[in-house]
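Chemist: PDB, C-alpha atoms, file structure.pdb:
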ATOM      1  CA  MET A 383      47.149  -9.426 -66.931  1.00  0.00           C
ATOM      2  CA  GLU A 384      50.462  -8.872 -65.154  1.00  0.00           C
ATOM      3  CA  ILE A 385      53.011 -10.664 -67.329  1.00  0.00           C
ATOM      4  CA  TRP A 386      55.365 -11.426 -64.409  1.00  0.00           C
ATOM      5  CA  LEU A 387      52.542 -13.184 -62.566  1.00  0.00           C
ATOM      6  CA  ALA A 388      51.692 -15.249 -65.666  1.00  0.00           C
ATOM      7  CA  LEU A 389      55.350 -16.243 -66.177  1.00  0.00           C
ATOM      8  CA  ALA A 390      55.730 -17.179 -62.496  1.00  0.00           C
ATOM      9  CA  ALA A 391      52.525 -19.262 -62.698  1.00  0.00           C
ATOM     10  CA  MET A 392      53.774 -21.064 -65.827  1.00  0.00           C
ATOM     11  CA  ALA A 393      57.064 -21.961 -64.116  1.00  0.00           C
ATOM     12  CA  TRP A 394      55.167 -23.033 -60.982  1.00  0.00           C
ATOM     13  CA  LEU A 395      52.813 -25.292 -62.977  1.00  0.00           C
ATOM     14  CA  GLY A 396      55.717 -26.813 -64.901  1.00  0.00           C
ATOM     15  CA  VAL A 397      57.670 -27.691 -61.743  1.00  0.00           C
ATOM     16  CA  MET A 398      54.598 -29.255 -60.143  1.00  0.00           C
ATOM     17  CA  ALA A 399      53.771 -31.339 -63.245  1.00  0.00           C
ATOM     18  CA  TRP A 400      57.361 -32.606 -63.311  1.00  0.00           C
ATOM     19  CA  GLN A 401      57.231 -33.469 -59.573  1.00  0.00           C
ATOM     20  CA  ASP A 402      53.879 -35.230 -59.903  1.00  0.00           C
ATOM     21  CA  LEU A 403      54.995 -37.380 -62.837  1.00  0.00           C
ATOM     22  CA  GLY A 404      58.120 -38.405 -60.942  1.00  0.00           C
ATOM     23  CA  LYS A 405      56.875 -38.889 -57.380  1.00  0.00           C
ATOM     24  CA  ARG A 406      53.034 -38.936 -57.628  1.00  0.00           C
ATOM     25  CA  GLU A 407      52.952 -36.058 -55.140  1.00  0.00           C
ATOM     26  CA  VAL A 408      53.782 -32.367 -54.979  1.00  0.00           C
ATOM     27  CA  SER A 409      55.757 -30.587 -52.270  1.00  0.00           C
ATOM     28  CA  ASN A 410      53.758 -28.546 -49.782  1.00  0.00           C
ATOM     29  CA  TRP A 411      56.099 -25.613 -50.448  1.00  0.00           C
ATOM     30  CA  LEU A 412      54.555 -25.401 -53.912  1.00  0.00           C
ATOM     31  CA  THR A 413      50.905 -25.723 -52.892  1.00  0.00           C
ATOM     32  CA  ILE A 414      50.280 -24.161 -49.462  1.00  0.00           C
ATOM     33  CA  PRO A 415      51.803 -20.666 -50.012  1.00  0.00           C
ATOM     34  CA  PRO A 416      49.942 -20.006 -53.316  1.00  0.00           C
ATOM     35  CA  VAL A 417      46.515 -20.854 -51.890  1.00  0.00           C
ATOM     36  CA  PHE A 418      47.088 -18.569 -48.884  1.00  0.00           C
ATOM     37  CA  LEU A 419      48.552 -15.905 -51.166  1.00  0.00           C
ATOM     38  CA  ALA A 420      45.359 -16.055 -53.232  1.00  0.00           C
ATOM     39  CA  GLY A 421      43.228 -15.658 -50.092  1.00  0.00           C
ATOM     40  CA  GLY A 422      45.518 -12.872 -48.825  1.00  0.00           C
ATOM     41  CA  TRP A 423      45.436 -11.125 -52.209  1.00  0.00           C
ATOM     42  CA  TRP A 424      41.633 -10.939 -52.064  1.00  0.00           C
ATOM     43  CA  ALA A 425      41.776  -9.748 -48.448  1.00  0.00           C
ATOM     44  CA  TRP A 426      44.281  -7.032 -49.460  1.00  0.00           C
ATOM     45  CA  ARG A 427      41.754  -5.908 -52.090  1.00  0.00           C
ATOM     46  CA  GLY A 428      39.138  -5.619 -49.346  1.00  0.00           C
ATOM     47  CA  GLU A 429      37.339  -8.894 -50.039  1.00  0.00           C
ATOM     48  CA  TRP A 430      37.693 -10.982 -46.882  1.00  0.00           C
ATOM     49  CA  SER A 431      35.218 -13.713 -47.779  1.00  0.00           C
ATOM     50  CA  VAL A 432      37.738 -15.773 -49.795  1.00  0.00           C
ATOM     51  CA  LEU A 433      40.277 -15.917 -46.963  1.00  0.00           C
ATOM     52  CA  ALA A 434      37.453 -16.531 -44.471  1.00  0.00           C
ATOM     53  CA  LEU A 435      36.229 -19.529 -46.490  1.00  0.00           C
ATOM     54  CA  LEU A 436      39.769 -20.938 -46.714  1.00  0.00           C
ATOM     55  CA  LEU A 437      40.268 -20.636 -42.943  1.00  0.00           C
ATOM     56  CA  ALA A 438      36.803 -22.114 -42.305  1.00  0.00           C
ATOM     57  CA  LEU A 439      37.535 -25.123 -44.545  1.00  0.00           C
ATOM     58  CA  VAL A 440      40.893 -25.680 -42.831  1.00  0.00           C
ATOM     59  CA  ALA A 441      39.174 -25.427 -39.428  1.00  0.00           C
ATOM     60  CA  VAL A 442      36.428 -27.883 -40.460  1.00  0.00           C
ATOM     61  CA  THR A 443      39.040 -30.366 -41.700  1.00  0.00           C
ATOM     62  CA  GLU A 444      41.042 -30.006 -38.493  1.00  0.00           C
ATOM     63  CA  LEU A 445      37.911 -30.421 -36.341  1.00  0.00           C
ATOM     64  CA  PHE A 446      36.850 -33.581 -38.166  1.00  0.00           C
ATOM     65  CA  ASP A 447      40.413 -34.886 -37.974  1.00  0.00           C
ATOM     66  CA  ARG A 448      40.497 -34.346 -34.186  1.00  0.00           C
ATOM     67  CA  LEU A 449      37.101 -36.024 -33.780  1.00  0.00           C
ATOM     68  CA  GLN A 450      38.322 -38.834 -36.055  1.00  0.00           C
ATOM     69  CA  LEU A 451      35.390 -38.295 -38.390  1.00  0.00           C
ATOM     70  CA  PRO A 452      35.888 -38.656 -42.137  1.00  0.00           C
ATOM     71  CA  PRO A 453      35.823 -35.280 -43.973  1.00  0.00           C
ATOM     72  CA  VAL A 454      33.231 -36.806 -46.318  1.00  0.00           C
ATOM     73  CA  MET A 455      30.705 -36.224 -43.508  1.00  0.00           C
ATOM     74  CA  ALA A 456      31.262 -32.467 -43.873  1.00  0.00           C
ATOM     75  CA  ILE A 457      30.488 -32.229 -47.574  1.00  0.00           C
ATOM     76  CA  SER A 458      27.382 -30.117 -47.047  1.00  0.00           C
ATOM     77  CA  VAL A 459      29.360 -27.696 -44.861  1.00  0.00           C
ATOM     78  CA  ALA A 460      31.538 -26.288 -47.658  1.00  0.00           C
ATOM     79  CA  PRO A 461      28.763 -25.085 -50.017  1.00  0.00           C
ATOM     80  CA  ALA A 462      26.783 -23.778 -47.026  1.00  0.00           C
ATOM     81  CA  LEU A 463      29.819 -21.822 -45.806  1.00  0.00           C
ATOM     82  CA  ALA A 464      30.503 -20.489 -49.301  1.00  0.00           C
ATOM     83  CA  SER A 465      26.938 -19.345 -49.868  1.00  0.00           C
ATOM     84  CA  GLY A 466      26.733 -17.847 -46.364  1.00  0.00           C
ATOM     85  CA  ILE A 467      30.080 -16.038 -46.507  1.00  0.00           C
ATOM     86  CA  GLY A 468      29.644 -14.817 -50.070  1.00  0.00           C
ATOM     87  CA  HIS A 469      26.005 -13.781 -49.829  1.00  0.00           C
ATOM     88  CA  PHE A 470      26.592 -10.248 -51.143  1.00  0.00           C
ATOM     89  CA  ALA A 471      29.779 -10.969 -53.077  1.00  0.00           C
ATOM     90  CA  SER A 472      30.578  -9.912 -56.633  1.00  0.00           C
ATOM     91  CA  PRO A 473      30.285 -12.517 -59.444  1.00  0.00           C
ATOM     92  CA  ARG A 474      34.077 -13.033 -59.502  1.00  0.00           C
ATOM     93  CA  VAL A 475      34.236 -13.651 -55.760  1.00  0.00           C
ATOM     94  CA  THR A 476      31.186 -15.918 -55.984  1.00  0.00           C
ATOM     95  CA  LEU A 477      32.984 -17.940 -58.672  1.00  0.00           C
ATOM     96  CA  VAL A 478      36.020 -18.309 -56.387  1.00  0.00           C
ATOM     97  CA  LEU A 479      33.902 -19.298 -53.377  1.00  0.00           C
ATOM     98  CA  MET A 480      31.817 -21.835 -55.311  1.00  0.00           C
ATOM     99  CA  THR A 481      34.853 -23.326 -57.053  1.00  0.00           C
ATOM    100  CA  TRP A 482      36.763 -23.605 -53.787  1.00  0.00           C
ATOM    101  CA  SER A 483      33.866 -25.311 -52.021  1.00  0.00           C
ATOM    102  CA  VAL A 484      33.318 -27.786 -54.890  1.00  0.00           C
ATOM    103  CA  VAL A 485      37.063 -28.551 -55.027  1.00  0.00           C
ATOM    104  CA  TRP A 486      37.150 -29.104 -51.278  1.00  0.00           C
ATOM    105  CA  VAL A 487      34.166 -31.483 -51.494  1.00  0.00           C
ATOM    106  CA  ALA A 488      35.860 -33.386 -54.349  1.00  0.00           C
ATOM    107  CA  TRP A 489      38.958 -33.739 -52.144  1.00  0.00           C
ATOM    108  CA  ALA A 490      36.794 -34.872 -49.185  1.00  0.00           C
ATOM    109  CA  VAL A 491      35.273 -37.700 -51.264  1.00  0.00           C
ATOM    110  CA  HIS A 492      38.773 -38.717 -52.493  1.00  0.00           C
ATOM    111  CA  LEU A 493      38.210 -37.810 -56.141  1.00  0.00           C
ATOM    112  CA  PHE A 494      41.616 -36.158 -56.113  1.00  0.00           C
ATOM    113  CA  GLY A 495      44.478 -35.444 -53.771  1.00  0.00           C
ATOM    114  CA  ALA A 496      45.044 -32.486 -51.465  1.00  0.00           C
ATOM    115  CA  ALA A 497      47.822 -31.060 -53.656  1.00  0.00           C
ATOM    116  CA  ASP A 498      45.508 -31.041 -56.684  1.00  0.00           C
ATOM    117  CA  ALA A 499      42.796 -29.314 -54.647  1.00  0.00           C
ATOM    118  CA  LYS A 500      45.130 -26.581 -53.392  1.00  0.00           C
ATOM    119  CA  VAL A 501      46.536 -25.941 -56.872  1.00  0.00           C
ATOM    120  CA  LEU A 502      43.040 -25.650 -58.400  1.00  0.00           C
ATOM    121  CA  MET A 503      42.026 -23.293 -55.587  1.00  0.00           C
ATOM    122  CA  ALA A 504      45.118 -21.122 -56.071  1.00  0.00           C
ATOM    123  CA  LEU A 505      44.663 -20.935 -59.860  1.00  0.00           C
ATOM    124  CA  VAL A 506      40.993 -19.940 -59.664  1.00  0.00           C
ATOM    125  CA  GLY A 507      41.789 -17.647 -56.713  1.00  0.00           C
ATOM    126  CA  PHE A 508      44.258 -15.629 -58.791  1.00  0.00           C
ATOM    127  CA  TRP A 509      42.336 -15.827 -62.077  1.00  0.00           C
ATOM    128  CA  PRO A 510      38.594 -15.978 -61.249  1.00  0.00           C
ATOM    129  CA  ASP A 511      37.559 -16.489 -64.860  1.00  0.00           C
ATOM    130  CA  PRO A 512      34.895 -18.971 -66.063  1.00  0.00           C
ATOM    131  CA  HIS A 513      37.169 -19.678 -69.066  1.00  0.00           C
ATOM    132  CA  LEU A 514      39.873 -21.003 -66.735  1.00  0.00           C
ATOM    133  CA  VAL A 515      37.337 -23.130 -64.843  1.00  0.00           C
ATOM    134  CA  GLY A 516      36.127 -24.522 -68.178  1.00  0.00           C
ATOM    135  CA  PHE A 517      39.701 -25.264 -69.287  1.00  0.00           C
ATOM    136  CA  LEU A 518      40.434 -27.079 -66.018  1.00  0.00           C
ATOM    137  CA  ILE A 519      37.243 -29.167 -66.197  1.00  0.00           C
ATOM    138  CA  ALA A 520      37.923 -30.050 -69.847  1.00  0.00           C
ATOM    139  CA  ALA A 521      41.517 -31.011 -69.026  1.00  0.00           C
ATOM    140  CA  GLN A 522      40.381 -33.202 -66.125  1.00  0.00           C
ATOM    141  CA  LEU A 523      37.762 -34.982 -68.263  1.00  0.00           C
ATOM    142  CA  LEU A 524      40.077 -35.511 -71.267  1.00  0.00           C
ATOM    143  CA  TRP A 525      42.915 -36.709 -69.012  1.00  0.00           C
ATOM    144  CA  SER A 526      40.509 -39.078 -67.215  1.00  0.00           C
ATOM    145  CA  ALA A 527      39.125 -40.431 -70.509  1.00  0.00           C
ATOM    146  CA  TYR A 528      42.640 -41.000 -71.879  1.00  0.00           C
ATOM    147  CA  HIS A 529      43.774 -42.921 -68.784  1.00  0.00           C
ATOM    148  CA  LEU A 530      40.507 -44.836 -68.539  1.00  0.00           C
ATOM    149  CA  VAL A 531      40.782 -46.082 -72.139  1.00  0.00           C
ATOM    150  CA  ARG A 532      44.489 -46.825 -71.667  1.00  0.00           C
ATOM    151  CA  ARG A 533      43.781 -48.819 -68.505  1.00  0.00           C
ATOM    152  CA  TYR A 534      40.540 -50.636 -69.418  1.00  0.00           C
ATOM    153  CA  ARG A 535      40.500 -50.559 -73.251  1.00  0.00           C
ATOM    154  CA  SER A 536      37.015 -51.526 -74.514  1.00  0.00           C
ATOM    155  CA  ARG A 537      35.592 -51.796 -70.966  1.00  0.00           C
ATOM    156  CA  ALA A 538      36.304 -48.101 -70.215  1.00  0.00           C
ATOM    157  CA  LEU A 539      32.729 -46.822 -70.569  1.00  0.00           C
ATOM    158  CA  LYS A 540      31.331 -49.749 -68.577  1.00  0.00           C
ATOM    159  CA  VAL A 541      33.811 -49.091 -65.748  1.00  0.00           C
ATOM    160  CA  ALA A 542      33.004 -45.366 -65.708  1.00  0.00           C
ATOM    161  CA  VAL A 543      29.245 -45.997 -65.534  1.00  0.00           C
ATOM    162  CA  ALA A 544      29.686 -48.697 -62.868  1.00  0.00           C
ATOM    163  CA  ASN A 545      31.659 -46.288 -60.650  1.00  0.00           C
ATOM    164  CA  ALA A 546      29.407 -43.291 -61.269  1.00  0.00           C
ATOM    165  CA  ALA A 547      27.498 -43.456 -57.987  1.00  0.00           C
ATOM    166  CA  LEU A 548      30.323 -44.827 -55.820  1.00  0.00           C
ATOM    167  CA  VAL A 549      32.693 -42.938 -53.530  1.00  0.00           C
ATOM    168  CA  PRO A 550      36.327 -44.056 -53.577  1.00  0.00           C
ATOM    169  CA  ALA A 551      38.276 -44.672 -50.370  1.00  0.00           C
ATOM    170  CA  ASP A 552      41.571 -43.029 -49.437  1.00  0.00           C
ATOM    171  CA  GLU A 553      43.365 -46.314 -50.188  1.00  0.00           C
ATOM    172  CA  ASP A 554      41.850 -46.419 -53.696  1.00  0.00           C
ATOM    173  CA  LEU A 555      43.330 -43.016 -54.418  1.00  0.00           C
ATOM    174  CA  ALA A 556      46.780 -44.099 -53.255  1.00  0.00           C
ATOM    175  CA  GLN A 557      46.689 -47.380 -55.198  1.00  0.00           C
ATOM    176  CA  ARG A 558      44.809 -46.553 -58.389  1.00  0.00           C
ATOM    177  CA  GLY A 559      45.111 -42.770 -58.649  1.00  0.00           C
ATOM    178  CA  VAL A 560      46.584 -41.154 -61.743  1.00  0.00           C
ATOM    179  CA  PRO A 561      48.946 -38.124 -61.623  1.00  0.00           C
ATOM    180  CA  THR A 562      46.815 -35.213 -62.805  1.00  0.00           C
ATOM    181  CA  MET A 563      49.028 -32.188 -62.359  1.00  0.00           C
ATOM    182  CA  PRO A 564      50.252 -32.305 -65.995  1.00  0.00           C
ATOM    183  CA  ALA A 565      46.627 -31.889 -67.147  1.00  0.00           C
ATOM    184  CA  TYR A 566      46.063 -28.908 -64.844  1.00  0.00           C
ATOM    185  CA  ALA A 567      49.403 -27.453 -65.917  1.00  0.00           C
ATOM    186  CA  GLY A 568      48.404 -27.808 -69.583  1.00  0.00           C
ATOM    187  CA  ALA A 569      45.030 -26.157 -68.962  1.00  0.00           C
ATOM    188  CA  GLY A 570      46.646 -23.380 -66.914  1.00  0.00           C
ATOM    189  CA  LEU A 571      49.310 -22.743 -69.552  1.00  0.00           C
ATOM    190  CA  CYS A 572      46.717 -22.611 -72.365  1.00  0.00           C
ATOM    191  CA  TYR A 573      44.618 -20.164 -70.382  1.00  0.00           C
ATOM    192  CA  LEU A 574      47.563 -17.944 -69.382  1.00  0.00           C
ATOM    193  CA  VAL A 575      48.906 -17.764 -72.945  1.00  0.00           C
ATOM    194  CA  LEU A 576      45.458 -16.995 -74.404  1.00  0.00           C
ATOM    195  CA  ALA A 577      44.711 -14.454 -71.663  1.00  0.00           C
ATOM    196  CA  ALA A 578      48.085 -12.752 -72.161  1.00  0.00           C
ATOM    197  CA  ALA A 579      47.325 -12.586 -75.894  1.00  0.00           C
ATOM    198  CA  GLY A 580      44.029 -10.859 -75.092  1.00  0.00           C
ATOM    199  CA  ALA A 581      41.794 -13.695 -76.267  1.00  0.00           C
ATOM    200  CA  PHE A 582      39.309 -13.222 -73.381  1.00  0.00           C
TER     201      PHE A 582
ATOM    202  CA  MET B1027      45.393 -31.207 -41.078  1.00  0.00           C
ATOM    203  CA  ARG B1028      45.412 -33.547 -44.017  1.00  0.00           C
ATOM    204  CA  PHE B1029      44.010 -30.944 -46.367  1.00  0.00           C
ATOM    205  CA  LEU B1030      46.830 -28.510 -45.742  1.00  0.00           C
ATOM    206  CA  THR B1031      49.611 -31.037 -45.319  1.00  0.00           C
ATOM    207  CA  GLY B1032      48.449 -33.604 -47.889  1.00  0.00           C
ATOM    208  CA  ARG B1033      50.846 -33.883 -50.827  1.00  0.00           C
ATOM    209  CA  THR B1034      48.947 -36.412 -52.949  1.00  0.00           C
ATOM    210  CA  ALA B1035      48.526 -35.247 -56.530  1.00  0.00           C
ATOM    211  CA  LEU B1036      46.507 -38.152 -57.945  1.00  0.00           C
ATOM    212  CA  SER B1037      42.945 -38.384 -59.176  1.00  0.00           C
ATOM    213  CA  MET B1038      40.437 -41.214 -59.502  1.00  0.00           C
ATOM    214  CA  VAL B1039      39.741 -41.183 -63.220  1.00  0.00           C
ATOM    215  CA  GLU B1040      37.099 -43.950 -63.094  1.00  0.00           C
ATOM    216  CA  TYR B1041      34.925 -42.116 -60.582  1.00  0.00           C
ATOM    217  CA  ILE B1042      35.433 -38.642 -62.043  1.00  0.00           C
ATOM    218  CA  LEU B1043      34.361 -39.630 -65.536  1.00  0.00           C
ATOM    219  CA  GLY B1044      31.429 -41.685 -64.242  1.00  0.00           C
ATOM    220  CA  GLY B1045      30.348 -38.833 -61.976  1.00  0.00           C
ATOM    221  CA  ALA B1046      30.613 -36.374 -64.862  1.00  0.00           C
ATOM    222  CA  LEU B1047      28.437 -38.631 -67.035  1.00  0.00           C
ATOM    223  CA  VAL B1048      25.779 -38.888 -64.326  1.00  0.00           C
ATOM    224  CA  LEU B1049      25.922 -35.128 -63.686  1.00  0.00           C
ATOM    225  CA  ALA B1050      25.507 -34.436 -67.395  1.00  0.00           C
ATOM    226  CA  VAL B1051      22.515 -36.779 -67.730  1.00  0.00           C
ATOM    227  CA  VAL B1052      20.829 -35.554 -64.525  1.00  0.00           C
ATOM    228  CA  GLY B1053      21.584 -31.929 -65.421  1.00  0.00           C
ATOM    229  CA  LEU B1054      20.098 -32.334 -68.890  1.00  0.00           C
ATOM    230  CA  ALA B1055      16.987 -34.015 -67.456  1.00  0.00           C
ATOM    231  CA  LEU B1056      16.521 -31.222 -64.884  1.00  0.00           C
ATOM    232  CA  TRP B1057      17.050 -28.591 -67.582  1.00  0.00           C
ATOM    233  CA  GLN B1058      14.392 -30.201 -69.784  1.00  0.00           C
ATOM    234  CA  LEU B1059      12.004 -30.516 -66.826  1.00  0.00           C
ATOM    235  CA  ALA B1060      12.507 -26.868 -65.818  1.00  0.00           C
ATOM    236  CA  GLY B1061      12.003 -25.816 -69.424  1.00  0.00           C
ATOM    237  CA  SER B1062       8.743 -27.729 -69.815  1.00  0.00           C
ATOM    238  CA  ILE B1063       7.402 -26.413 -66.474  1.00  0.00           C
ATOM    239  CA  ALA B1064       8.318 -22.845 -67.491  1.00  0.00           C
ATOM    240  CA  ALA B1065       6.556 -23.329 -70.831  1.00  0.00           C
ATOM    241  CA  ARG B1066       3.385 -24.536 -69.070  1.00  0.00           C
ATOM    242  CA  TYR B1067       3.457 -21.568 -66.664  1.00  0.00           C
ATOM    243  CA  ASN B1068       3.932 -19.183 -69.575  1.00  0.00           C
ATOM    244  CA  ALA B1069       1.054 -20.779 -71.465  1.00  0.00           C
ATOM    245  CA  PHE B1070      -1.184 -20.498 -68.380  1.00  0.00           C
ATOM    246  CA  ASN B1071      -0.104 -16.882 -67.818  1.00  0.00           C
ATOM    247  CA  ASN B1072      -0.818 -15.972 -71.434  1.00  0.00           C
ATOM    248  CA  SER B1073      -4.241 -17.630 -71.290  1.00  0.00           C
ATOM    249  CA  LEU B1074      -5.162 -15.388 -68.329  1.00  0.00           C
TER     250      LEU B1074
END
Could I get this structure in the form of C-alpha cells?
Modeler:
Amino acid sequence: MEIWLALAAMAWLGVMAWQDLGKREVSNWLTIPPVFLAGGWWAWRGEWSVLALLLALVAVTELFDRLQLPPVMAISVAPALASGIGHFASPRVTLVLMTWSVVWVAWAVHLFGAADAKVLMALVGFWPDPHLVGFLIAAQLLWSAYHLVRRYRSRALKVAVANAALVPADEDLAQRGVPTMPAYAGAGLCYLVLAAAGAF
Amino acid sequence: MRFLTGRTALSMVEYILGGALVLAVVGLALWQLAGSIAARYNAFNNSL
C-alpha cells in the first residue's frame, strides 16, 4: 500500500470525525472529491464501470429529485445498475460496485446521511478489500449497539426489534440520528494500520 | 442533488441494528434451507 495515501486517508478520516462530532455534518469539500477521485482512479486504470455506476446513481437521484419522487422508490435501480454495469468485472470491482449500490440504497432509505454514504463509497473505492468492508460493518453495528443501549437502557433490544421492518423518514434522521463518522474513522484507521503492517 | 450535496453525517442506530438482526435471522434460515435442499439433491443423485 502507498504509505502517503494511507497517511492522507488517516488525516482525512480524523478531520471528518472531528467535524461530525461538532456539527453533526461533514463539509462537501471532504466528501465529494474523494468519491469522484475513487471513480476516476478506477477509470484511469481502465475500469470504467465504477465511475459509470457513480454517474448513474447521481443521475437517478437527480431525476427523482426533479420528478419530486422519493429516492426510496429507486432502491431496486442501484443493484440492477451495479450488476448490469459490472457483469464481466473482476472480483475487486464487483466488490466496489455491490458495496456502492448497497450504500446508496441505505442512504435512500435514510439509514444514514449522504456524507456517510460518500465516505464509505470513497473508502471501499480506494481499498476494495473485504476486510475493510467487514471492519466498517462491525464498526457500524458496535457503534449502533453502544448508542442504542445508552439511549434506551434495558429497552434497547426491544426497540431494535420493533424498528427492524420499518423505514425511517428524513426528519427522523435529522432529529434522532447519531454522528457515525468517528466509527467509520476508527474502522478505517484500524484497517489502514493493519494493511500497512502487512496483516492482510 | 441531495446525494451529492447532502452533508448529513448521522445514522439511525435503532433501524440499522434491527435490520441487521432481521438480516442475520433471515440469512441463517435461508442458509439452512439451501443446505438441506442441497443435501436432499445429493442424496437423490447418489441413489441414482
Chemist: Separation of atom CA of Leu1043 of chain B and atom CA of Ala546 of chain A, in Å?
Modeler: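 Computing it gives 7.5 Å between the two atoms.
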Chemist: Select, as a PyMOL selection string, those residues of chain A with any atom no more than 8 Å from chain B (distances computed using only C-alpha atoms).
Modeler: chain A and resi 402+406-410+414+440+443-444+447+492-498+523+525-527+529-530+541-550+554-556+558-563
Chemist: Selected by the PyMOL selection byres ((chain A and resi 421) around 8) in the shown coordinates: which residues, as a list in words?
Modeler: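 Those residues are Val417, Phe418, Leu419, Ala420, Gly422, Trp423, Trp424, Ala425, Trp430, Val432, Leu433, Leu436 and Gly507 of chain A.
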Chemist: Next, write the just-selected residues to a file, as an mmCIF file, keeping the file's coordinate frame, keeping C-alpha atoms as the atom set.
Modeler:
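Output below, filename part.cif:
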data_model
loop_
_atom_site.group_PDB
_atom_site.id
_atom_site.type_symbol
_atom_site.label_atom_id
_atom_site.label_comp_id
_atom_site.auth_asym_id
_atom_site.auth_seq_id
_atom_site.Cartn_x
_atom_site.Cartn_y
_atom_site.Cartn_z
ATOM 1 C CA VAL A 417 46.515 -20.854 -51.890
ATOM 2 C CA PHE A 418 47.088 -18.569 -48.884
ATOM 3 C CA LEU A 419 48.552 -15.905 -51.166
ATOM 4 C CA ALA A 420 45.359 -16.055 -53.232
ATOM 5 C CA GLY A 422 45.518 -12.872 -48.825
ATOM 6 C CA TRP A 423 45.436 -11.125 -52.209
ATOM 7 C CA TRP A 424 41.633 -10.939 -52.064
ATOM 8 C CA ALA A 425 41.776 -9.748 -48.448
ATOM 9 C CA TRP A 430 37.693 -10.982 -46.882
ATOM 10 C CA VAL A 432 37.738 -15.773 -49.795
ATOM 11 C CA LEU A 433 40.277 -15.917 -46.963
ATOM 12 C CA LEU A 436 39.769 -20.938 -46.714
ATOM 13 C CA GLY A 507 41.789 -17.647 -56.713
#
Chemist: Could you tell me which residues the PyMOL selection byres ((chain A and resi 480-482) around 8) grabs in this file, written as a PyMOL selection string?
Modeler: chain A and resi 461+464-465+476-479+483-486+503+506
Chemist: Between A:Gly516, A:Pro416, A:Pro452, A:Gly580, which residue has the minimum interatomic distance to Tyr566 of chain A, considering only C-alpha atoms?
Modeler: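 Using only C-alpha atoms, the shortest distance to Tyr566 of chain A belongs to A:Gly516.
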Chemist: Return segment 499-511 of chain A, completed with N, CA, C and O atoms, as a PDB file, in the frame of the given file.
Modeler:
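File written: rebuild25.pdb
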ATOM      1  N   ALA A 499      43.834 -30.239 -55.123  1.00  0.00           N
ATOM      2  CA  ALA A 499      42.796 -29.314 -54.647  1.00  0.00           C
ATOM      3  C   ALA A 499      43.382 -27.929 -54.391  1.00  0.00           C
ATOM      4  O   ALA A 499      42.819 -26.913 -54.821  1.00  0.00           O
ATOM      5  N   LYS A 500      44.537 -27.884 -53.724  1.00  0.00           N
ATOM      6  CA  LYS A 500      45.130 -26.581 -53.392  1.00  0.00           C
ATOM      7  C   LYS A 500      45.574 -25.835 -54.655  1.00  0.00           C
ATOM      8  O   LYS A 500      45.447 -24.610 -54.740  1.00  0.00           O
ATOM      9  N   VAL A 501      46.097 -26.578 -55.628  1.00  0.00           N
ATOM     10  CA  VAL A 501      46.536 -25.941 -56.872  1.00  0.00           C
ATOM     11  C   VAL A 501      45.341 -25.369 -57.642  1.00  0.00           C
ATOM     12  O   VAL A 501      45.388 -24.239 -58.139  1.00  0.00           O
ATOM     13  N   LEU A 502      44.250 -26.145 -57.720  1.00  0.00           N
ATOM     14  CA  LEU A 502      43.040 -25.650 -58.400  1.00  0.00           C
ATOM     15  C   LEU A 502      42.510 -24.401 -57.689  1.00  0.00           C
ATOM     16  O   LEU A 502      42.117 -23.418 -58.338  1.00  0.00           O
ATOM     17  N   MET A 503      42.522 -24.439 -56.358  1.00  0.00           N
ATOM     18  CA  MET A 503      42.026 -23.293 -55.587  1.00  0.00           C
ATOM     19  C   MET A 503      42.890 -22.060 -55.837  1.00  0.00           C
ATOM     20  O   MET A 503      42.380 -20.953 -56.023  1.00  0.00           O
ATOM     21  N   ALA A 504      44.218 -22.261 -55.853  1.00  0.00           N
ATOM     22  CA  ALA A 504      45.118 -21.122 -56.071  1.00  0.00           C
ATOM     23  C   ALA A 504      44.932 -20.542 -57.475  1.00  0.00           C
ATOM     24  O   ALA A 504      44.862 -19.317 -57.645  1.00  0.00           O
ATOM     25  N   LEU A 505      44.823 -21.413 -58.479  1.00  0.00           N
ATOM     26  CA  LEU A 505      44.663 -20.935 -59.860  1.00  0.00           C
ATOM     27  C   LEU A 505      43.394 -20.102 -60.017  1.00  0.00           C
ATOM     28  O   LEU A 505      43.425 -18.990 -60.546  1.00  0.00           O
ATOM     29  N   VAL A 506      42.268 -20.660 -59.527  1.00  0.00           N
ATOM     30  CA  VAL A 506      40.993 -19.940 -59.664  1.00  0.00           C
ATOM     31  C   VAL A 506      40.970 -18.722 -58.739  1.00  0.00           C
ATOM     32  O   VAL A 506      40.343 -17.712 -59.063  1.00  0.00           O
ATOM     33  N   GLY A 507      41.703 -18.799 -57.617  1.00  0.00           N
ATOM     34  CA  GLY A 507      41.789 -17.647 -56.713  1.00  0.00           C
ATOM     35  C   GLY A 507      42.465 -16.457 -57.376  1.00  0.00           C
ATOM     36  O   GLY A 507      42.026 -15.320 -57.228  1.00  0.00           O
ATOM     37  N   PHE A 508      43.536 -16.715 -58.130  1.00  0.00           N
ATOM     38  CA  PHE A 508      44.258 -15.629 -58.791  1.00  0.00           C
ATOM     39  C   PHE A 508      43.596 -15.198 -60.096  1.00  0.00           C
ATOM     40  O   PHE A 508      43.671 -14.040 -60.473  1.00  0.00           O
ATOM     41  N   TRP A 509      42.995 -16.161 -60.800  1.00  0.00           N
ATOM     42  CA  TRP A 509      42.336 -15.827 -62.077  1.00  0.00           C
ATOM     43  C   TRP A 509      40.881 -16.307 -62.032  1.00  0.00           C
ATOM     44  O   TRP A 509      40.554 -17.385 -62.555  1.00  0.00           O
ATOM     45  N   PRO A 510      39.995 -15.550 -61.375  1.00  0.00           N
ATOM     46  CA  PRO A 510      38.594 -15.978 -61.249  1.00  0.00           C
ATOM     47  C   PRO A 510      37.838 -15.770 -62.568  1.00  0.00           C
ATOM     48  O   PRO A 510      37.038 -14.848 -62.705  1.00  0.00           O
ATOM     49  N   ASP A 511      38.115 -16.623 -63.521  1.00  0.00           N
ATOM     50  CA  ASP A 511      37.559 -16.489 -64.860  1.00  0.00           C
ATOM     51  C   ASP A 511      36.853 -17.793 -65.231  1.00  0.00           C
ATOM     52  O   ASP A 511      37.451 -18.868 -65.128  1.00  0.00           O
TER      53      ASP A 511
END
